[in-house]
$ cat final00.cif   # mmCIF, C-alpha atoms
data_start
#
loop_
_atom_site.group_PDB
_atom_site.id
_atom_site.type_symbol
_atom_site.label_atom_id
_atom_site.label_comp_id
_atom_site.auth_asym_id
_atom_site.auth_seq_id
_atom_site.Cartn_x
_atom_site.Cartn_y
_atom_site.Cartn_z
ATOM 1 C CA MET A 8 -14.357 8.201 -19.245
ATOM 2 C CA ASP A 9 -10.930 6.678 -19.934
ATOM 3 C CA ILE A 10 -10.199 3.997 -17.296
ATOM 4 C CA TRP A 11 -6.512 3.920 -18.213
ATOM 5 C CA GLN A 12 -6.167 7.652 -17.524
ATOM 6 C CA LEU A 13 -7.879 7.190 -14.154
ATOM 7 C CA LEU A 14 -5.446 4.425 -13.227
ATOM 8 C CA ILE A 15 -2.513 6.665 -14.146
ATOM 9 C CA ALA A 16 -4.032 9.460 -12.057
ATOM 10 C CA CYS A 17 -4.295 7.050 -9.110
ATOM 11 C CA LEU A 18 -0.653 6.108 -9.605
ATOM 12 C CA TYR A 19 0.275 9.772 -9.380
ATOM 13 C CA GLY A 20 -1.878 10.002 -6.255
ATOM 14 C CA VAL A 21 0.074 7.147 -4.647
ATOM 15 C CA VAL A 22 3.400 8.808 -5.453
ATOM 16 C CA GLU A 23 2.150 12.186 -4.201
ATOM 17 C CA GLY A 24 0.730 10.706 -0.992
ATOM 18 C CA ILE A 25 4.022 9.010 -0.126
ATOM 19 C CA THR A 26 6.604 11.529 -1.289
ATOM 20 C CA GLU A 27 4.866 14.710 -0.122
ATOM 21 C CA TRP A 28 5.594 13.883 3.512
ATOM 22 C CA LEU A 29 8.842 11.953 3.236
ATOM 23 C CA PRO A 30 11.840 14.247 2.659
ATOM 24 C CA ILE A 31 12.513 12.888 -0.823
ATOM 25 C CA SER A 32 10.771 15.468 -3.081
ATOM 26 C CA SER A 33 7.228 14.877 -4.297
ATOM 27 C CA THR A 34 7.547 17.216 -7.290
ATOM 28 C CA GLY A 35 10.791 15.550 -8.285
ATOM 29 C CA HIS A 36 9.192 12.109 -8.215
ATOM 30 C CA MET A 37 6.140 13.338 -10.121
ATOM 31 C CA LEU A 38 8.312 14.848 -12.850
ATOM 32 C CA LEU A 39 10.356 11.660 -13.080
ATOM 33 C CA LEU A 40 7.212 9.518 -13.213
ATOM 34 C CA ASP A 41 6.012 11.693 -16.080
ATOM 35 C CA GLU A 42 9.059 10.565 -18.036
ATOM 36 C CA VAL A 43 7.862 6.956 -17.726
ATOM 37 C CA VAL A 44 4.056 7.174 -17.862
ATOM 38 C CA SER A 45 2.209 10.358 -18.780
ATOM 39 C CA LEU A 46 -1.348 11.562 -18.530
ATOM 40 C CA ASP A 47 -2.983 12.284 -21.874
ATOM 41 C CA VAL A 48 -3.814 15.896 -21.007
ATOM 42 C CA SER A 49 -2.791 19.357 -22.128
ATOM 43 C CA GLU A 50 0.408 20.915 -20.829
ATOM 44 C CA GLU A 51 -1.644 23.559 -19.004
ATOM 45 C CA PHE A 52 -3.735 20.940 -17.218
ATOM 46 C CA TRP A 53 -0.638 18.922 -16.319
ATOM 47 C CA ASN A 54 1.094 21.926 -14.746
ATOM 48 C CA MET A 55 -2.040 22.612 -12.721
ATOM 49 C CA PHE A 56 -2.599 18.941 -11.793
ATOM 50 C CA LEU A 57 0.995 18.666 -10.518
ATOM 51 C CA VAL A 58 0.198 21.215 -7.806
ATOM 52 C CA VAL A 59 -3.527 20.816 -7.125
ATOM 53 C CA ILE A 60 -3.187 17.086 -6.455
ATOM 54 C CA GLN A 61 -1.479 18.196 -3.238
ATOM 55 C CA LEU A 62 -4.886 19.199 -1.877
ATOM 56 C CA GLY A 63 -5.652 15.540 -1.318
ATOM 57 C CA ALA A 64 -2.449 15.132 0.665
ATOM 58 C CA ILE A 65 -3.025 18.205 2.806
ATOM 59 C CA LEU A 66 -6.538 17.098 3.770
ATOM 60 C CA ALA A 67 -4.928 14.124 5.484
ATOM 61 C CA VAL A 68 -3.058 16.501 7.822
ATOM 62 C CA CYS A 69 -6.294 18.359 8.571
ATOM 63 C CA VAL A 70 -7.989 15.078 9.495
ATOM 64 C CA LEU A 71 -5.157 13.577 11.561
ATOM 65 C CA TYR A 72 -4.346 16.759 13.499
ATOM 66 C CA PHE A 73 -7.826 18.287 13.608
ATOM 67 C CA ARG A 74 -8.040 18.651 17.382
ATOM 68 C CA GLN A 75 -4.493 19.941 17.788
ATOM 69 C CA LEU A 76 -5.019 22.578 15.091
ATOM 70 C CA ASN A 77 -8.592 23.517 15.990
ATOM 71 C CA PRO A 78 -8.640 26.676 18.163
ATOM 72 C CA PHE A 79 -12.414 26.410 18.600
ATOM 73 C CA SER A 80 -12.401 22.920 20.133
ATOM 74 C CA ARG A 81 -14.757 22.718 23.110
ATOM 75 C CA THR A 82 -12.493 20.148 24.730
ATOM 76 C CA LYS A 83 -9.708 22.738 25.072
ATOM 77 C CA GLY A 84 -9.358 25.158 27.914
ATOM 78 C CA ALA A 85 -8.718 28.871 27.438
ATOM 79 C CA GLY A 86 -4.959 28.361 27.714
ATOM 80 C CA GLU A 87 -4.951 25.595 25.121
ATOM 81 C CA ARG A 88 -6.992 27.708 22.715
ATOM 82 C CA ARG A 89 -4.553 30.604 23.082
ATOM 83 C CA ALA A 90 -1.676 28.214 22.440
ATOM 84 C CA THR A 91 -3.415 26.941 19.305
ATOM 85 C CA TRP A 92 -3.904 30.486 17.994
ATOM 86 C CA GLY A 93 -0.248 31.117 18.750
ATOM 87 C CA LEU A 94 0.717 28.025 16.774
ATOM 88 C CA TRP A 95 -1.322 29.246 13.797
ATOM 89 C CA GLY A 96 0.432 32.605 14.025
ATOM 90 C CA LYS A 97 3.801 30.867 13.783
ATOM 91 C CA ILE A 98 2.603 28.743 10.856
ATOM 92 C CA VAL A 99 1.356 31.758 8.896
ATOM 93 C CA LEU A 100 4.479 33.846 9.540
ATOM 94 C CA ALA A 101 6.703 30.916 8.545
ATOM 95 C CA CYS A 102 4.910 30.777 5.187
ATOM 96 C CA VAL A 103 5.538 34.442 4.330
ATOM 97 C CA PRO A 104 9.121 34.068 2.965
ATOM 98 C CA ALA A 105 8.155 31.341 0.474
ATOM 99 C CA ALA A 106 5.116 33.338 -0.640
ATOM 100 C CA LEU A 107 7.169 36.506 -1.182
ATOM 101 C CA VAL A 108 9.630 34.621 -3.382
ATOM 102 C CA GLY A 109 7.432 31.958 -4.965
ATOM 103 C CA ILE A 110 4.432 33.980 -6.160
ATOM 104 C CA PRO A 111 6.296 36.501 -8.340
ATOM 105 C CA LEU A 112 8.769 33.906 -9.644
ATOM 106 C CA ASP A 113 6.270 31.090 -10.273
ATOM 107 C CA ASP A 114 6.365 31.266 -14.078
ATOM 108 C CA VAL A 115 10.146 31.669 -14.195
ATOM 109 C CA MET A 116 10.752 28.624 -12.007
ATOM 110 C CA GLU A 117 8.224 26.568 -13.958
ATOM 111 C CA ARG A 118 9.959 27.457 -17.219
ATOM 112 C CA TYR A 119 13.605 26.980 -16.213
ATOM 113 C CA LEU A 120 13.825 24.778 -13.124
ATOM 114 C CA TYR A 121 11.312 21.995 -13.716
ATOM 115 C CA ARG A 122 13.932 19.882 -15.487
ATOM 116 C CA ALA A 123 15.414 16.471 -14.742
ATOM 117 C CA PRO A 124 19.027 17.735 -14.280
ATOM 118 C CA VAL A 125 17.870 20.250 -11.652
ATOM 119 C CA VAL A 126 15.858 17.565 -9.856
ATOM 120 C CA ALA A 127 18.801 15.145 -9.889
ATOM 121 C CA ALA A 128 21.255 17.725 -8.543
ATOM 122 C CA ALA A 129 18.870 18.720 -5.757
ATOM 123 C CA LEU A 130 18.224 15.101 -4.805
ATOM 124 C CA VAL A 131 21.941 14.426 -4.389
ATOM 125 C CA ALA A 132 22.756 17.706 -2.627
ATOM 126 C CA TYR A 133 20.013 17.313 -0.019
ATOM 127 C CA GLY A 134 20.850 13.647 0.436
ATOM 128 C CA VAL A 135 24.401 14.613 1.384
ATOM 129 C CA ALA A 136 23.009 17.332 3.671
ATOM 130 C CA PHE A 137 20.795 14.875 5.581
ATOM 131 C CA ILE A 138 23.688 12.479 6.170
ATOM 132 C CA ALA A 139 26.041 15.289 7.244
ATOM 133 C CA ILE A 140 23.477 16.796 9.651
ATOM 134 C CA GLU A 141 22.706 13.455 11.267
ATOM 135 C CA ARG A 142 26.411 12.768 11.767
ATOM 136 C CA TRP A 143 26.822 16.206 13.328
ATOM 137 C CA ARG A 144 23.871 15.517 15.653
ATOM 138 C CA ALA A 145 25.327 12.144 16.637
ATOM 139 C CA ARG A 146 28.668 13.750 17.533
ATOM 140 C CA SER A 147 26.859 16.477 19.485
ATOM 141 C CA LEU A 148 24.914 13.852 21.425
ATOM 142 C CA GLU A 149 28.111 11.955 22.236
ATOM 143 C CA ARG A 150 29.731 15.154 23.531
ATOM 144 C CA ARG A 151 26.667 15.927 25.660
ATOM 145 C CA VAL A 152 26.683 12.454 27.211
ATOM 146 C CA ALA A 153 30.431 12.713 27.872
ATOM 147 C CA GLU A 154 30.101 16.133 29.485
ATOM 148 C CA GLU A 155 27.277 14.991 31.748
ATOM 149 C CA ALA A 156 29.040 11.774 32.825
ATOM 150 C CA PRO A 157 30.234 11.850 36.493
ATOM 151 C CA ARG A 158 33.915 12.347 37.158
ATOM 152 C CA GLY A 159 35.835 11.357 40.287
ATOM 153 C CA ALA A 160 38.792 13.296 41.615
ATOM 154 C CA HIS A 161 41.225 10.434 41.059
ATOM 155 C CA PHE A 162 39.529 8.462 38.357
ATOM 156 C CA ALA A 163 39.318 8.906 34.627
ATOM 157 C CA ARG A 164 35.992 9.934 33.149
ATOM 158 C CA PRO A 165 33.901 6.856 32.267
ATOM 159 C CA ALA A 166 33.389 6.181 28.606
ATOM 160 C CA ALA A 167 30.183 7.780 27.352
ATOM 161 C CA PRO A 168 27.617 5.307 26.127
ATOM 162 C CA ALA A 169 27.081 5.316 22.405
ATOM 163 C CA PRO A 170 23.845 6.959 21.288
ATOM 164 C CA THR A 171 21.148 4.690 19.970
ATOM 165 C CA PRO A 172 20.572 4.651 16.171
ATOM 166 C CA GLY A 173 17.489 6.784 16.620
ATOM 167 C CA GLY A 174 18.966 8.877 19.436
ATOM 168 C CA ASP A 175 17.278 12.244 19.276
ATOM 169 C CA PHE A 176 17.697 15.488 21.111
ATOM 170 C CA GLY A 177 16.857 19.124 20.739
ATOM 171 C CA ALA A 178 15.999 22.159 22.804
ATOM 172 C CA ILE A 179 12.499 22.212 21.277
ATOM 173 C CA CYS A 180 10.578 19.051 22.121
ATOM 174 C CA ARG A 181 7.010 20.275 21.445
ATOM 175 C CA VAL A 182 5.666 22.272 18.517
ATOM 176 C CA GLU A 183 3.739 24.498 20.931
ATOM 177 C CA ASP A 184 7.024 25.505 22.611
ATOM 178 C CA MET A 185 8.711 26.581 19.376
ATOM 179 C CA PRO A 186 9.889 30.222 19.568
ATOM 180 C CA LEU A 187 8.633 32.558 16.864
ATOM 181 C CA CYS A 188 12.162 33.194 15.581
ATOM 182 C CA VAL A 189 12.690 29.459 15.033
ATOM 183 C CA ALA A 190 9.399 29.176 13.149
ATOM 184 C CA VAL A 191 10.394 32.058 10.861
ATOM 185 C CA GLY A 192 13.838 30.492 10.416
ATOM 186 C CA ILE A 193 12.233 27.251 9.274
ATOM 187 C CA GLY A 194 10.109 29.347 6.927
ATOM 188 C CA LEU A 195 13.279 30.756 5.377
ATOM 189 C CA PHE A 196 14.526 27.215 4.766
ATOM 190 C CA GLN A 197 11.199 26.511 3.071
ATOM 191 C CA VAL A 198 12.156 28.998 0.341
ATOM 192 C CA LEU A 199 14.752 26.462 -0.824
ATOM 193 C CA SER A 200 11.943 24.023 -1.616
ATOM 194 C CA LEU A 201 10.871 26.201 -4.558
ATOM 195 C CA ILE A 202 13.629 24.430 -6.479
ATOM 196 C CA PRO A 203 12.159 21.106 -7.698
ATOM 197 C CA GLY A 204 13.904 18.103 -6.236
ATOM 198 C CA THR A 205 14.829 19.773 -2.954
ATOM 199 C CA SER A 206 11.598 18.668 -1.226
ATOM 200 C CA ARG A 207 9.466 21.048 0.820
ATOM 201 C CA SER A 208 9.460 18.654 3.764
ATOM 202 C CA GLY A 209 13.181 18.036 3.306
ATOM 203 C CA SER A 210 13.992 21.758 3.410
ATOM 204 C CA THR A 211 11.879 22.484 6.480
ATOM 205 C CA ILE A 212 13.006 19.366 8.360
ATOM 206 C CA ILE A 213 16.655 20.287 7.761
ATOM 207 C CA GLY A 214 15.889 23.800 8.975
ATOM 208 C CA GLY A 215 14.175 22.444 12.078
ATOM 209 C CA LEU A 216 17.069 20.135 12.919
ATOM 210 C CA LEU A 217 19.651 22.892 12.519
ATOM 211 C CA LEU A 218 17.596 25.287 14.636
ATOM 212 C CA GLY A 219 17.314 22.959 17.624
ATOM 213 C CA CYS A 220 14.149 20.900 17.072
ATOM 214 C CA THR A 221 13.856 17.194 17.689
ATOM 215 C CA ARG A 222 13.121 15.106 14.600
ATOM 216 C CA GLY A 223 9.519 14.638 15.680
ATOM 217 C CA VAL A 224 8.931 18.377 16.108
ATOM 218 C CA ALA A 225 10.657 19.195 12.810
ATOM 219 C CA ALA A 226 8.457 16.685 10.983
ATOM 220 C CA GLU A 227 5.244 17.786 12.719
ATOM 221 C CA PHE A 228 5.804 21.481 12.025
ATOM 222 C CA THR A 229 6.491 20.545 8.407
ATOM 223 C CA PHE A 230 3.044 18.928 8.220
ATOM 224 C CA PHE A 231 1.419 22.071 9.594
ATOM 225 C CA LEU A 232 3.321 24.414 7.278
ATOM 226 C CA ALA A 233 1.952 22.453 4.346
ATOM 227 C CA ILE A 234 -1.633 23.566 5.037
ATOM 228 C CA PRO A 235 -1.420 27.245 3.990
ATOM 229 C CA VAL A 236 1.373 26.588 1.494
ATOM 230 C CA MET A 237 -0.497 23.912 -0.431
ATOM 231 C CA PHE A 238 -3.879 25.599 -0.278
ATOM 232 C CA GLY A 239 -2.302 28.837 -1.510
ATOM 233 C CA ALA A 240 -0.271 27.180 -4.267
ATOM 234 C CA SER A 241 -3.257 25.112 -5.413
ATOM 235 C CA ALA A 242 -5.552 28.149 -5.511
ATOM 236 C CA LEU A 243 -2.946 30.085 -7.499
ATOM 237 C CA LYS A 244 -2.462 27.296 -10.044
ATOM 238 C CA LEU A 245 -6.189 26.641 -10.392
ATOM 239 C CA ALA A 246 -6.940 30.336 -10.929
ATOM 240 C CA LYS A 247 -4.143 30.607 -13.480
ATOM 241 C CA TYR A 248 -5.418 27.535 -15.351
ATOM 242 C CA LEU A 249 -9.028 28.725 -15.469
ATOM 243 C CA LEU A 250 -8.538 32.470 -15.942
ATOM 244 C CA LEU A 251 -5.233 32.978 -17.728
ATOM 245 C CA ASP A 252 -4.666 29.757 -19.646
ATOM 246 C CA GLY A 253 -8.304 29.484 -20.695
ATOM 247 C CA GLY A 254 -8.484 25.935 -19.372
ATOM 248 C CA ALA A 255 -11.654 24.058 -18.560
ATOM 249 C CA PHE A 256 -12.671 20.808 -16.889
ATOM 250 C CA GLY A 257 -14.174 18.235 -19.185
ATOM 251 C CA ALA A 258 -15.425 14.911 -17.867
ATOM 252 C CA THR A 259 -12.014 13.272 -18.244
ATOM 253 C CA GLU A 260 -10.087 16.098 -16.570
ATOM 254 C CA ALA A 261 -12.532 16.267 -13.680
ATOM 255 C CA TRP A 262 -12.345 12.536 -12.971
ATOM 256 C CA VAL A 263 -8.554 12.552 -13.311
ATOM 257 C CA MET A 264 -8.339 15.309 -10.700
ATOM 258 C CA VAL A 265 -10.757 13.550 -8.345
ATOM 259 C CA ALA A 266 -8.944 10.215 -8.676
ATOM 260 C CA GLY A 267 -5.527 11.765 -8.063
ATOM 261 C CA CYS A 268 -6.610 13.843 -5.058
ATOM 262 C CA LEU A 269 -8.610 11.034 -3.417
ATOM 263 C CA THR A 270 -5.752 8.561 -3.789
ATOM 264 C CA ALA A 271 -3.247 11.107 -2.438
ATOM 265 C CA PHE A 272 -5.507 11.669 0.586
ATOM 266 C CA LEU A 273 -5.834 7.975 1.449
ATOM 267 C CA VAL A 274 -2.143 7.220 0.951
ATOM 268 C CA SER A 275 -1.122 10.331 2.939
ATOM 269 C CA LEU A 276 -3.057 9.095 5.980
ATOM 270 C CA ALA A 277 -0.790 6.050 6.110
ATOM 271 C CA ALA A 278 2.410 7.900 5.127
ATOM 272 C CA ILE A 279 2.074 10.538 7.857
ATOM 273 C CA ARG A 280 1.395 7.932 10.543
ATOM 274 C CA TRP A 281 4.376 5.906 9.365
ATOM 275 C CA LEU A 282 6.771 8.863 9.296
ATOM 276 C CA THR A 283 5.820 10.094 12.773
ATOM 277 C CA GLY A 284 6.554 6.626 14.133
ATOM 278 C CA PHE A 285 9.761 6.244 12.119
ATOM 279 C CA VAL A 286 11.413 9.448 13.318
ATOM 280 C CA ARG A 287 10.950 8.441 16.962
ATOM 281 C CA ARG A 288 13.248 5.461 16.434
ATOM 282 C CA HIS A 289 15.485 6.267 13.472
ATOM 283 C CA THR A 290 17.565 9.006 11.895
ATOM 284 C CA PHE A 291 17.037 10.588 8.461
ATOM 285 C CA VAL A 292 20.180 8.934 7.061
ATOM 286 C CA ALA A 293 18.160 6.359 5.110
ATOM 287 C CA PHE A 294 16.354 9.162 3.277
ATOM 288 C CA GLY A 295 19.693 10.804 2.517
ATOM 289 C CA VAL A 296 21.058 7.603 0.996
ATOM 290 C CA TYR A 297 17.856 7.111 -1.021
ATOM 291 C CA ARG A 298 18.072 10.639 -2.415
ATOM 292 C CA ILE A 299 21.685 10.194 -3.493
ATOM 293 C CA VAL A 300 21.024 6.842 -5.169
ATOM 294 C CA LEU A 301 17.933 8.159 -6.954
ATOM 295 C CA GLY A 302 19.708 11.338 -8.063
ATOM 296 C CA LEU A 303 22.614 9.379 -9.525
ATOM 297 C CA ALA A 304 20.167 6.991 -11.216
ATOM 298 C CA VAL A 305 18.371 9.945 -12.824
ATOM 299 C CA ILE A 306 21.652 11.360 -14.086
ATOM 300 C CA ALA A 307 22.620 7.977 -15.548
ATOM 301 C CA TRP A 308 19.162 7.486 -17.096
ATOM 302 C CA PHE A 309 19.239 10.755 -19.001
ATOM 303 C CA ALA A 310 22.906 10.389 -19.923
ATOM 304 C CA LEU A 311 22.162 7.039 -21.577
ATOM 305 C CA ALA A 312 19.018 8.399 -23.218
ATOM 306 C CA ALA A 313 20.856 11.363 -24.711
#
$ encode --input "final00.cif" --output "structure tokens"
Amino acid sequence: MDIWQLLIACLYGVVEGITEWLPISSTGHMLLLDEVVSLDVSEEFWNMFLVVIQLGAILAVCVLYFRQLNPFSRTKGAGERRATWGLWGKIVLACVPAALVGIPLDDVMERYLYRAPVVAAALVAYGVAFIAIERWRARSLERRVAEEAPRGAHFARPAAPAPTPGGDFGAICRVEDMPLCVAVGIGLFQVLSLIPGTSRSGSTIIGGLLLGCTRGVAAEFTFFLAIPVMFGASALKLAKYLLLDGGAFGATEAWVMVAGCLTAFLVSLAAIRWLTGFVRRHTFVAFGVYRIVLGLAVIAWFALAA
């Protein structure tokens, strides 16, 4: 067993556990990390590892939201259980668009899109989108406050108070109250995440914000969408590696996979808790700025290396 390879796998697990849930592109960061420090494995194993390591991250969601997502919980009444089944229906339907596009085009995207220039362009484009959407939401909140301010017959309308930095609003304040059409709409935004660098969480959060969700609801529904998406993508990649690519797990490969998944699970527990607290108090502007800076840095890095 190569200790150095295990340490690299743990490093990938840390990056996966953090970036999978923050809207900054986990695949993009993993591909960029590969340019700096690589695992000594076959190309087939690497392509599989890049996806299957997400299983560790998704298990963190299952643990943290077990009661909310468990329709068989004995602590829930009949109404709560029906609501939970309804939530699962929305989650599954929201995953259909990405499955219809991603499964048949998996090899094509892997061959042509998993490139640093694509990642850099997506990082910058979505960074600009986050900043623009948050500014639009801030202006909308200011207009709402101004419209609801009292007006006297002979007095000018009082100045509307400025929204707080983390001021949030939205017609949908609970995941359970999300209409089916909104869930499917978020699922359509998830299709954009098939392009590396866009970020699955980034795409779905943007969709949620544009469709009337609060930041907290957009982030929470993103966590839930990850469960079928990641399990499905991981199963597809694992089956392809074992059945089509003729791959196998030696001792080194098995330990590398275990180390990466376990690290991603532990780090994800902290990352999800942090993000849910962050979005209650702050906007997504910081993530937008980070994406733009990182995208420009990637462009500069490869321009100088050329």
$ atom_distance --input "final00.cif" --atom1 "atom CA of A:Glu23" --atom2 "atom CA of A:Val236"
15.5 Å
$ resolve_selection --input "final00.cif" --expression "the PyMOL selection byres ((chain A and resi 194) around 12)" --output "ChimeraX atom specification"
/A:97-108,187-193,195-201,207-208,210-215,218,225,228-229,231-233,236
$ write_last_selection --input "final00.cif" --atoms "C-alpha atoms" --output "compact mmCIF listing (two decimals), keeping the file's coordinate frame"
# COMPACT_ATOMS: atom_id res chain seq x y z
CA LYS A 97 3.80 30.87 13.78
CA ILE A 98 2.60 28.74 10.86
CA VAL A 99 1.36 31.76 8.90
CA LEU A 100 4.48 33.85 9.54
CA ALA A 101 6.70 30.92 8.54
CA CYS A 102 4.91 30.78 5.19
CA VAL A 103 5.54 34.44 4.33
CA PRO A 104 9.12 34.07 2.96
CA ALA A 105 8.15 31.34 0.47
CA ALA A 106 5.12 33.34 -0.64
CA LEU A 107 7.17 36.51 -1.18
CA VAL A 108 9.63 34.62 -3.38
CA LEU A 187 8.63 32.56 16.86
CA CYS A 188 12.16 33.19 15.58
CA VAL A 189 12.69 29.46 15.03
CA ALA A 190 9.40 29.18 13.15
CA VAL A 191 10.39 32.06 10.86
CA GLY A 192 13.84 30.49 10.42
CA ILE A 193 12.23 27.25 9.27
CA LEU A 195 13.28 30.76 5.38
CA PHE A 196 14.53 27.22 4.77
CA GLN A 197 11.20 26.51 3.07
CA VAL A 198 12.16 29.00 0.34
CA LEU A 199 14.75 26.46 -0.82
CA SER A 200 11.94 24.02 -1.62
CA LEU A 201 10.87 26.20 -4.56
CA ARG A 207 9.47 21.05 0.82
CA SER A 208 9.46 18.65 3.76
CA SER A 210 13.99 21.76 3.41
CA THR A 211 11.88 22.48 6.48
CA ILE A 212 13.01 19.37 8.36
CA ILE A 213 16.66 20.29 7.76
CA GLY A 214 15.89 23.80 8.98
CA GLY A 215 14.18 22.44 12.08
CA LEU A 218 17.60 25.29 14.64
CA ALA A 225 10.66 19.20 12.81
CA PHE A 228 5.80 21.48 12.02
CA THR A 229 6.49 20.54 8.41
CA PHE A 231 1.42 22.07 9.59
CA LEU A 232 3.32 24.41 7.28
CA ALA A 233 1.95 22.45 4.35
CA VAL A 236 1.37 26.59 1.49
$ closest_atom_pairs --input "final00.cif" --of "stretch 35-55 of chain A" --to "stretch 263-280 of chain A" --cutoff "10 Å" --atoms "all atoms listed in the file" --output "JSON lines"
{"residue": "A:Leu46", "atom": "CA", "partner": "A:Val263", "partner_atom": "CA", "distance": 9.0}
{"residue": "A:Val48", "atom": "CA", "partner": "A:Val263", "partner_atom": "CA", "distance": 9.6}
{"residue": "A:Phe52", "atom": "CA", "partner": "A:Met264", "partner_atom": "CA", "distance": 9.8}
{"residue": "A:Met55", "atom": "CA", "partner": "A:Met264", "partner_atom": "CA", "distance": 9.9}
$ write_last_selection --input "final00.cif" --atoms "C-alpha atoms" --output "PDB file, keeping the file's coordinate frame"
ATOM      1  CA  LEU A  46      -1.348  11.562 -18.530  1.00  0.00           C
ATOM      2  CA  VAL A  48      -3.814  15.896 -21.007  1.00  0.00           C
ATOM      3  CA  PHE A  52      -3.735  20.940 -17.218  1.00  0.00           C
ATOM      4  CA  MET A  55      -2.040  22.612 -12.721  1.00  0.00           C
TER       5      MET A  55
END
$ closest_atom_pairs --input "final00.cif" --of "stretch 41-76 of chain A" --to "stretch 90-96 of chain A" --cutoff "12 Å" --atoms "all atoms listed in the file" --output "JSON lines"
{"residue": "A:Tyr72", "atom": "CA", "partner": "A:Thr91", "partner_atom": "CA", "distance": 11.8}
{"residue": "A:Phe73", "atom": "CA", "partner": "A:Thr91", "partner_atom": "CA", "distance": 11.3}
{"residue": "A:Arg74", "atom": "CA", "partner": "A:Thr91", "partner_atom": "CA", "distance": 9.7}
{"residue": "A:Gln75", "atom": "CA", "partner": "A:Thr91", "partner_atom": "CA", "distance": 7.2}
{"residue": "A:Leu76", "atom": "CA", "partner": "A:Thr91", "partner_atom": "CA", "distance": 6.3}
$ axis_aligned_box --input "final00.cif" --around "stretch 198-207 of chain A" --padding-each-side "5 Å" --output "JSON"
{"center_x": 12.1, "center_y": 23.6, "center_z": -3.4, "size_x": 15.4, "size_y": 20.9, "size_z": 18.5}
$ closest_residue --input "final00.cif" --among "A:Val68, A:Thr283, A:Glu183, A:Ala293" --to "A:Arg88" --atoms "all atoms listed in the file"
A:Glu183
$ closest_residue --input "final00.cif" --among "A:Ala132, A:Val43, A:Gly223, A:Gly35" --to "A:Arg288" --atoms "only C-alpha atoms"
A:Gly223
$ closest_residue --input "final00.cif" --among "A:Val125, A:Gln12, A:Thr205, A:Pro30" --to "A:Glu260" --atoms "all atoms listed in the file"
A:Gln12
$ closest_residue --input "final00.cif" --among "A:Ala240, A:Leu29, A:Cys17, A:Leu71" --to "A:Val286" --atoms "only C-alpha atoms"
A:Leu29
$ atom_distance --input "final00.cif" --atom1 "atom CA of A:Cys220" --atom2 "atom CA of A:Met185"
8.2 Å
$ residues_around --input "final00.cif" --residues "A:Ala255" --least-positions-apart "4" --cutoff "12 Å" --atoms "only C-alpha atoms" --output "PyMOL selection string"
chain A and resi 48-49+51-52+55+245-251+259-261
$ closest_residue --input "final00.cif" --among "A:Trp308, A:Tyr297, A:Phe79, A:Phe291" --to "A:Arg222" --atoms "only C-alpha atoms"
A:Phe291
$ closest_residue --input "final00.cif" --among "A:Leu130, A:Leu301, A:Leu66, A:Leu14" --to "A:Trp262" --atoms "all atoms listed in the file"
A:Leu14
$ atom_distance --input "final00.cif" --atom1 "atom CA of A:Ala139" --atom2 "atom CA of A:Arg287"
19.2 Å
$ residues_around --input "final00.cif" --residues "A:Met116" --least-positions-apart "3" --cutoff "9 Å" --atoms "all atoms listed in the file" --output "PyMOL selection string"
chain A and resi 109+112-113+119-121+201-203
$ write_last_selection --input "final00.cif" --atoms "C-alpha atoms" --output "short mmCIF file (atom, residue, chain, number, x, y, z; two decimals), in the frame of the given file"
data_model
loop_
_atom_site.label_atom_id
_atom_site.label_comp_id
_atom_site.auth_asym_id
_atom_site.auth_seq_id
_atom_site.Cartn_x
_atom_site.Cartn_y
_atom_site.Cartn_z
CA GLY A 109 7.43 31.96 -4.96
CA LEU A 112 8.77 33.91 -9.64
CA ASP A 113 6.27 31.09 -10.27
CA TYR A 119 13.60 26.98 -16.21
CA LEU A 120 13.82 24.78 -13.12
CA TYR A 121 11.31 22.00 -13.72
CA LEU A 201 10.87 26.20 -4.56
CA ILE A 202 13.63 24.43 -6.48
CA PRO A 203 12.16 21.11 -7.70
#
